[in-house]
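In what follows, a single structure is set out as structure tokens and then discussed.
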Amino acid sequence: MPMSAFILVVLAGLIHASWNIAAKKADGDARFAFQSSAFLSLVWAPLGLWLAWRHVPGWGAREWAFVALSGLLHVLYYVVLLRGYRRSDLTVVYPLARGTGPLLSSMAAVLLLGERLSPVGVAGIAGVVLGVFLIAGGPRLARRGGDAQQQARVRKGIQYGVLTGLFIACYTVVDGYAVKVLLMSPILVDYMGNFVRMALLAPAVLRDRAQAARLWRLQWKHALLVGAISPISYVLVLYAMQQAPLSHVAPAREVSMLFAALIGGHLLREGDRLLRLAGAVFIALGVAGLALG
């Protein structure tokens with residue numbers, strides 16, 4: 001991985017961890033996602049519309065198909081993740097989602113895009129996945145099956161976690177193909193795809209407008225922060241994909257877990273700091289392996 005791509009991924013990880021902490025504090029749902037998307041469309045309108053004026057007229061059906069597919073996959077990822085959190089524990093769903101996502105992305109890049117991984121790169125992927133697993137609770141995940149009801153809850157968490165990871169892998173491959181092969185602007189892939197996301201999330205807002213208005217007043221500051229900075233992290237990743245193999249960039253994105261463990265553990269006073277620190281070390285080593293391999 002070129003040093004420029006490596007720096008982009010690390011910076012993206014820091015920004016990604018920051019807006020995720022803001023989203024967690026907001027404690028929102030699909031209506032919060034719509035609100036964040038609305039702010040995104042407004043904050044980034046000058047740049048997005050300027051680029052659209054220059055590039056969109058040259059788009060054909062293939063480019064628009066990728067934008068639509070990207071927006072759909074991002075929404076499905078989000079909805080499945082939220083449903084998994086309602087039916088199981090975060091410490092089951094989240095590590096499986098974040099761990100299987102980069103793993104499946106790298107496998108797809110190797111199988112479908114013809115990319116190759118060196119042994120150091122493979123070790124880097126293993127380090128990232130293991131680090132995410134440790135940060136989220138490690139061996140405790142295997143000891144959650146106490147009674148039948150809890151075992152069923154864990155099974156649900158495994159199902160939703162893996163399904164969420166699958167959607168992460170899908171939108172990573174789709175967006176990576178758009179910017180690497182079709183040479184589409186990373187900014188436009190995200191900005192135009194955001195309008196697809198808004199259209200798909202709009203029914204959740206229109207279903208109960210009074211409640212949506214109440215949540216808007218309570219959550220607008222967090223939504224504005226998420227809408228303003230979240231595109232930066234993902235666009236940086238897309239630019240990194242133009243410079244380095246997707247199979248290296250996708251797992252390296254999990255460096256955000258390192259920042260989330262350090263920043264979130266301090267600000268949110270979360271427990272298991274030693275275990276999460278060990279996970280952060282594995283992620284750091286894994287990212288280094290990807291940069292070298």
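Residue numbers start at 1 in each chain; chains themselves are named A, B, ... in the order of the structure tokens; ligands are numbered from 1 in the order shown.
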Notebook entry, point to check: Any idea what's packed within 7 Å of His222 (chain A), counting only C-alpha atoms, ignoring anything in its chain fewer than 6 positions away? Could you give it as a PyMOL selection string?
Noted result: chain A and resi 22-23+26
Would you mind exporting the chosen residues as a PDB file, in the first residue's frame, restricted to N, CA and C atoms?
ATOM      1  N   ALA A  22     -20.434  10.432  17.997  1.00  0.00           N
ATOM      2  CA  ALA A  22     -21.537  11.399  17.975  1.00  0.00           C
ATOM      3  C   ALA A  22     -22.864  10.702  17.696  1.00  0.00           C
ATOM      4  N   ALA A  23     -22.863   9.758  16.758  1.00  0.00           N
ATOM      5  CA  ALA A  23     -24.086   9.030  16.442  1.00  0.00           C
ATOM      6  C   ALA A  23     -24.557   8.196  17.624  1.00  0.00           C
ATOM      7  N   ALA A  26     -26.281  10.357  20.103  1.00  0.00           N
ATOM      8  CA  ALA A  26     -27.608  10.769  19.641  1.00  0.00           C
ATOM      9  C   ALA A  26     -28.647   9.692  19.894  1.00  0.00           C
TER      10      ALA A  26
END
Item checked: Neighbour list for region 48-54 of chain A as a ChimeraX atom specification, cut-off 9 Å, only C-alpha atoms, skip fewer than 4 positions in-chain -> /A:41,44,58,185,187-188,191-192
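For the set A:Ala240, A:Val281, A:Ile125, A:Leu201, the residue with the smallest atom-to-atom gap to Leu76 (chain A) is A:Leu201, counting only C-alpha atoms.
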Next item on the list: Would you mind telling me which residue in A:Leu130, A:Met3, A:Val67, A:Val120 lies nearest to Gly176 (chain A) when using only C-alpha atoms?
Entry: A:Val67
